Structures are given as structure tokens and as C-alpha cells.
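Listing of my_file28.pdb; format and content: PDB, C-alpha atoms.
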```pdb
ATOM      1  CA  MET A  27     -23.738  47.016 -89.091
ATOM      2  CA  SER A  28     -23.830  48.041 -85.460
ATOM      3  CA  GLY A  29     -27.248  47.728 -83.910
ATOM      4  CA  LEU A  30     -28.414  45.055 -86.350
ATOM      5  CA  SER A  31     -28.936  41.537 -85.100
ATOM      6  CA  PHE A  32     -30.222  38.511 -86.952
ATOM      7  CA  ASP A  33     -31.777  35.378 -85.586
ATOM      8  CA  PRO A  34     -29.251  32.552 -86.077
ATOM      9  CA  ASP A  35     -32.137  30.069 -86.347
ATOM     10  CA  ALA A  36     -33.555  32.026 -89.303
ATOM     11  CA  ILE A  37     -30.184  31.925 -91.050
ATOM     12  CA  ARG A  38     -29.910  28.178 -90.386
ATOM     13  CA  ALA A  39     -33.438  27.688 -91.772
ATOM     14  CA  LEU A  40     -32.503  29.563 -94.966
ATOM     15  CA  ALA A  41     -29.329  27.479 -95.321
ATOM     16  CA  LYS A  42     -31.367  24.303 -94.842
ATOM     17  CA  ILE A  43     -33.768  25.368 -97.610
ATOM     18  CA  LEU A  44     -30.767  25.917 -99.917
ATOM     19  CA  ARG A  45     -29.519  22.385 -99.253
ATOM     20  CA  GLU A  46     -32.939  20.710 -99.525
ATOM     21  CA  THR A  47     -33.982  22.441-102.758
ATOM     22  CA  ASP A  48     -30.600  22.687-104.536
ATOM     23  CA  LEU A  49     -31.047  26.464-104.798
ATOM     24  CA  THR A  50     -27.931  28.613-104.894
ATOM     25  CA  GLU A  51     -29.241  31.739-103.175
ATOM     26  CA  ILE A  52     -32.081  32.983-100.956
ATOM     27  CA  GLU A  53     -32.665  36.560 -99.885
ATOM     28  CA  LEU A  54     -35.097  37.673 -97.200
ATOM     29  CA  VAL A  55     -35.986  41.368 -96.836
ATOM     30  CA  GLU A  56     -38.031  42.713 -93.956
ATOM     31  CA  ASN A  57     -38.328  46.454 -93.332
ATOM     32  CA  GLU A  58     -34.730  47.734 -93.301
ATOM     33  CA  SER A  59     -33.164  44.319 -92.659
ATOM     34  CA  ARG A  60     -31.883  41.997 -95.349
ATOM     35  CA  ILE A  61     -30.494  38.457 -95.075
ATOM     36  CA  ARG A  62     -28.898  36.834 -98.125
ATOM     37  CA  VAL A  63     -27.663  33.264 -97.922
ATOM     38  CA  ALA A  64     -25.771  31.851-100.893
ATOM     39  CA  ARG A  65     -23.789  28.728-101.550
ATOM     40  CA  ASN A  66     -21.156  27.847-104.100
ATOM     41  CA  VAL A  67     -22.168  25.473-106.860
ATOM     42  CA  PRO A  68     -19.587  23.504-108.836
ATOM     43  CA  ALA A  69     -19.174  25.093-112.291
ATOM     44  CA  GLN A  70     -20.111  21.821-114.009
ATOM     45  CA  GLN A  71     -23.647  21.952-112.534
ATOM     46  CA  VAL A  72     -24.142  25.548-113.688
ATOM     47  CA  VAL A  73     -22.945  24.774-117.209
ATOM     48  CA  GLN A  74     -25.317  21.796-117.452
ATOM     49  CA  ALA A  75     -28.255  23.890-116.265
ATOM     50  CA  VAL A  76     -27.552  26.578-118.857
ATOM     51  CA  ALA A  77     -26.717  24.195-121.706
ATOM     52  CA  ALA A  78     -29.861  22.056-121.345
ATOM     53  CA  PRO A  79     -32.380  24.779-122.356
ATOM     54  CA  VAL A  80     -30.232  25.777-125.337
ATOM     55  CA  ALA A  81     -30.135  22.183-126.604
ATOM     56  CA  ALA A  82     -33.882  21.813-125.986
ATOM     57  CA  ALA A  83     -34.612  25.011-127.905
ATOM     58  CA  ALA A  84     -32.652  23.783-130.921
ATOM     59  CA  ALA A  85     -34.157  20.277-130.852
ATOM     60  CA  PRO A  86     -37.727  21.049-132.076
ATOM     61  CA  ALA A  87     -36.450  22.199-135.483
ATOM     62  CA  GLN A  88     -34.882  18.774-135.978
ATOM     63  CA  LEU A  89     -37.922  16.736-134.891
ATOM     64  CA  SER A  90     -40.366  15.022-137.198
ATOM     65  CA  PRO A  91     -43.938  16.428-137.245
ATOM     66  CA  ALA A  92     -45.187  13.504-135.107
ATOM     67  CA  ALA A  93     -42.489  14.009-132.475
ATOM     68  CA  SER A  94     -42.992  17.787-132.279
ATOM     69  CA  ALA A  95     -46.659  17.258-131.357
ATOM     70  CA  ALA A  96     -45.594  15.907-127.944
ATOM     71  CA  PRO A  97     -45.745  18.564-125.209
ATOM     72  CA  VAL A  98     -42.346  19.948-124.215
ATOM     73  CA  SER A  99     -42.323  21.958-120.962
ATOM     74  CA  ASP A 100     -39.115  23.765-122.021
ATOM     75  CA  GLU A 101     -41.166  25.720-124.569
ATOM     76  CA  VAL A 102     -43.068  27.593-121.837
ATOM     77  CA  THR A 103     -41.388  30.716-120.472
ATOM     78  CA  ALA A 104     -42.520  33.477-118.150
ATOM     79  CA  ALA A 105     -43.413  35.461-121.296
ATOM     80  CA  THR A 106     -45.733  32.735-122.628
ATOM     81  CA  PRO A 107     -49.307  34.088-122.738
ATOM     82  CA  GLY A 108     -51.285  32.636-119.839
ATOM     83  CA  ALA A 109     -48.209  31.406-117.952
ATOM     84  CA  VAL A 110     -48.648  31.513-114.176
ATOM     85  CA  THR A 111     -45.200  32.108-112.710
ATOM     86  CA  SER A 112     -43.843  31.597-109.225
ATOM     87  CA  PRO A 113     -43.794  34.801-107.173
ATOM     88  CA  MET A 114     -41.181  33.307-104.825
ATOM     89  CA  VAL A 115     -38.634  30.596-104.208
ATOM     90  CA  GLY A 116     -40.041  27.567-102.428
ATOM     91  CA  VAL A 117     -41.628  24.158-102.825
ATOM     92  CA  ALA A 118     -44.810  23.885-104.915
ATOM     93  CA  TYR A 119     -47.775  21.716-103.985
ATOM     94  CA  LEU A 120     -50.714  20.932-106.266
ATOM     95  CA  SER A 121     -53.091  19.936-103.437
ATOM     96  CA  PRO A 122     -53.914  21.431-100.033
ATOM     97  CA  GLU A 123     -52.529  18.393 -98.172
ATOM     98  CA  PRO A 124     -51.075  14.967 -98.948
ATOM     99  CA  GLY A 125     -53.697  12.607-100.365
ATOM    100  CA  ALA A 126     -56.200  15.404-101.087
ATOM    101  CA  ALA A 127     -57.535  16.182-104.551
ATOM    102  CA  PRO A 128     -55.430  18.715-106.481
ATOM    103  CA  PHE A 129     -56.560  22.336-106.703
ATOM    104  CA  VAL A 130     -56.659  22.048-110.507
ATOM    105  CA  THR A 131     -56.169  19.369-113.142
ATOM    106  CA  LEU A 132     -55.329  19.519-116.814
ATOM    107  CA  GLY A 133     -58.354  20.857-118.704
ATOM    108  CA  ALA A 134     -59.992  22.305-115.584
ATOM    109  CA  LYS A 135     -61.851  25.600-115.847
ATOM    110  CA  VAL A 136     -60.647  28.172-113.309
ATOM    111  CA  ALA A 137     -62.004  31.517-112.167
ATOM    112  CA  GLN A 138     -59.844  34.587-111.664
ATOM    113  CA  GLY A 139     -58.573  34.569-108.075
ATOM    114  CA  GLN A 140     -59.103  30.816-107.614
ATOM    115  CA  THR A 141     -56.266  29.031-105.768
ATOM    116  CA  VAL A 142     -54.381  26.848-108.272
ATOM    117  CA  LEU A 143     -51.499  25.657-106.055
ATOM    118  CA  LEU A 144     -49.481  26.368-102.932
ATOM    119  CA  ILE A 145     -45.850  27.375-102.522
ATOM    120  CA  GLU A 146     -44.205  26.682 -99.203
ATOM    121  CA  ALA A 147     -41.509  29.168 -98.258
ATOM    122  CA  MET A 148     -40.052  29.509 -94.758
ATOM    123  CA  LYS A 149     -42.620  27.027 -93.390
ATOM    124  CA  THR A 150     -45.464  29.228 -94.670
ATOM    125  CA  PHE A 151     -47.891  28.013 -97.327
ATOM    126  CA  ASN A 152     -48.691  30.737 -99.851
ATOM    127  CA  GLN A 153     -51.747  30.430-102.069
ATOM    128  CA  ILE A 154     -51.049  31.029-105.755
ATOM    129  CA  LYS A 155     -54.188  32.302-107.424
ATOM    130  CA  ALA A 156     -55.248  32.282-111.068
ATOM    131  CA  PRO A 157     -54.520  35.726-112.562
ATOM    132  CA  LYS A 158     -57.392  35.268-115.028
ATOM    133  CA  ALA A 159     -60.291  32.956-115.798
ATOM    134  CA  GLY A 160     -59.711  30.207-118.331
ATOM    135  CA  THR A 161     -58.746  26.580-118.851
ATOM    136  CA  VAL A 162     -55.612  24.930-117.448
ATOM    137  CA  THR A 163     -53.793  23.745-120.581
ATOM    138  CA  ARG A 164     -50.388  22.870-119.082
ATOM    139  CA  ILE A 165     -49.169  21.893-115.626
ATOM    140  CA  LEU A 166     -45.385  22.256-115.652
ATOM    141  CA  ILE A 167     -44.531  21.104-112.133
ATOM    142  CA  GLU A 168     -45.093  18.134-109.878
ATOM    143  CA  SER A 169     -46.227  18.338-106.285
ATOM    144  CA  GLY A 170     -43.280  18.698-103.897
ATOM    145  CA  MET A 171     -41.042  20.182-106.586
ATOM    146  CA  PRO A 172     -38.749  23.119-105.710
ATOM    147  CA  VAL A 173     -39.467  26.242-107.763
ATOM    148  CA  GLU A 174     -37.556  29.458-108.442
ATOM    149  CA  PHE A 175     -38.848  33.036-108.603
ATOM    150  CA  GLY A 176     -40.352  33.695-112.060
ATOM    151  CA  GLU A 177     -40.475  30.007-113.045
ATOM    152  CA  PRO A 178     -43.567  29.057-115.111
ATOM    153  CA  LEU A 179     -45.806  26.745-113.068
ATOM    154  CA  LEU A 180     -48.837  26.239-115.295
ATOM    155  CA  VAL A 181     -50.608  27.801-118.266
ATOM    156  CA  ILE A 182     -54.185  29.133-118.272
ATOM    157  CA  GLU A 183     -55.676  29.948-121.669
TER     158      GLU A 183
END
```

Structure translated into C-alpha cells:
Amino acid sequence: MSGLSFDPDAIRALAKILRETDLTEIELVENESRIRVARNVPAQQVVQAVAAPVAAAAAPAQLSPAASAAPVSDEVTAATPGAVTSPMVGVAYLSPEPGAAPFVTLGAKVAQGQTVLLIEAMKTFNQIKAPKAGTVTRILIESGMPVEFGEPLLVIE
């Protein structure tokens, strides 16, 4: 590793993001340099995070027809047709600034390439654009919510 130097402030910023968002790992790659910051998570938290989706997946078969009509965000995965997934780890925002109208609302018609939300990563706001034209049928996040890479954010049908 001789000749490589990393900015300690950048490493501190990554560590701060881990703490603030409850993420377990962040990796930053730029040219030939790579910084990976990870933290240990108590095993109990990991087990709960894995067990919850399994229980949620089994639950719909046991629900009455009236109860199963209620929307359940656990049903949407990255493979769901029309799912718009997060291209990065960060914090999602549904509007361009606090107090402003959201980019999209439930039932809104969107054009391909239209900004549907922002993800803040490393103090940079990244526009997330609609991959196709359609209608927003599900919004799976709330503004200010931390998101993981590949996590479904909303559905456009």
C-alpha cells in the first residue's frame, strides 16, 4: 500500500454516514483507489432483519381476502416489474427541498427520464430518473429515509 494515501476526513465522513443511517458497510471506489468502511452489528439485529421478510412472505397466505387487499411494501422486490431501485446507498428525498412539493405522488403520470426523487450520498444529491413512462402505483419510501443499493423505491406501471 505504499504510495497510497486517503483523506482522513473522507473516512470520517463515511463512518458518520454508517452511524447516521444504520448501514453496516460503505465502499467508495475512485480510479484505482478503494475505501471500504464497515462496522460490526450485533447478531440479534441481523437475525431480526432477515427473519422479518420471511415472516411477511408467509403471512399473506394466512390473511383473509379483505386483509390481503391492503398494500404491503414487503411484496415489492427489485425484480418486480416497474420497480425503480436505488442505484446507491444514501438518504432518499421525495422533494427537491424541505417544504417543496414532491417530485411525484401516488397516481402521478411520469415521463421517461423525469426526476422522481433524490438520493443524497456523500453530501451530493443524485437525481433518480424514471426508467420508463407510466403511472406511479407505489411509493415505498418516506422522505429522509436511508436506502440501500438495489432497494425498491417506487413502482411505475

Margin query: Given all atoms listed in the file as the basis, pick out the residue of A:Pro113, A:Met171, A:Lys42, A:Glu177 nearest to Lys155 (chain A).
Written below: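 The closest residue to Lys155 (chain A) is A:Pro113.
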
Excluding Lys149 (chain A) and any residue of its chain fewer than 2 positions from it, enumerate the residues within 10 Å of it, using all atoms listed in the file, and give them as JSON, numbers by chain. {"A": [39, 43, 116, 117, 145, 146, 147, 151, 152]}

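Separating CA of Leu179 (chain A) from CA of Leu166 (chain A) is a distance of 5.2 Å.
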
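The gap separating CA of Pro124 (chain A) from CA of Gly139 (chain A) is 22.9 Å, in Å to one decimal.
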
Can you turn the PyMOL selection byres ((chain A and resi 104) around 7) into a concrete residue list for this file, as a ChimeraX atom specification? /A:102-103,105-106,109,111,176-178

Kindly export the residues of the current selection with C-alpha atoms, as an mmCIF file, in the coordinates of the input.
```
data_model
loop_
_atom_site.group_PDB
_atom_site.id
_atom_site.type_symbol
_atom_site.label_atom_id
_atom_site.label_comp_id
_atom_site.auth_asym_id
_atom_site.auth_seq_id
_atom_site.Cartn_x
_atom_site.Cartn_y
_atom_site.Cartn_z
ATOM 1 C CA VAL A 102 -43.068 27.593 -121.837
ATOM 2 C CA THR A 103 -41.388 30.716 -120.472
ATOM 3 C CA ALA A 105 -43.413 35.461 -121.296
ATOM 4 C CA THR A 106 -45.733 32.735 -122.628
ATOM 5 C CA ALA A 109 -48.209 31.406 -117.952
ATOM 6 C CA THR A 111 -45.200 32.108 -112.710
ATOM 7 C CA GLY A 176 -40.352 33.695 -112.060
ATOM 8 C CA GLU A 177 -40.475 30.007 -113.045
ATOM 9 C CA PRO A 178 -43.567 29.057 -115.111
#
```

Min atom-atom distance to Leu49 (chain A) from the set A:Pro172, A:Gly133, A:Pro157, A:Pro107, counting only C-alpha atoms, belongs to A:Pro172

| Mind telling me what the PyMOL selection byres ((chain A and resi 181) around 6) catches here, as a PyMOL selection string? | chain A and resi 108-110+162-164+180+182

6 Å contact set for Leu143 (chain A), all atoms listed in the file, chain neighbours under 2 positions out, as number ranges by chain | A: 119-120, 141, 154

re CA of Glu174 (chain A) and CA of Met114 (chain A): distance 6.4 Å
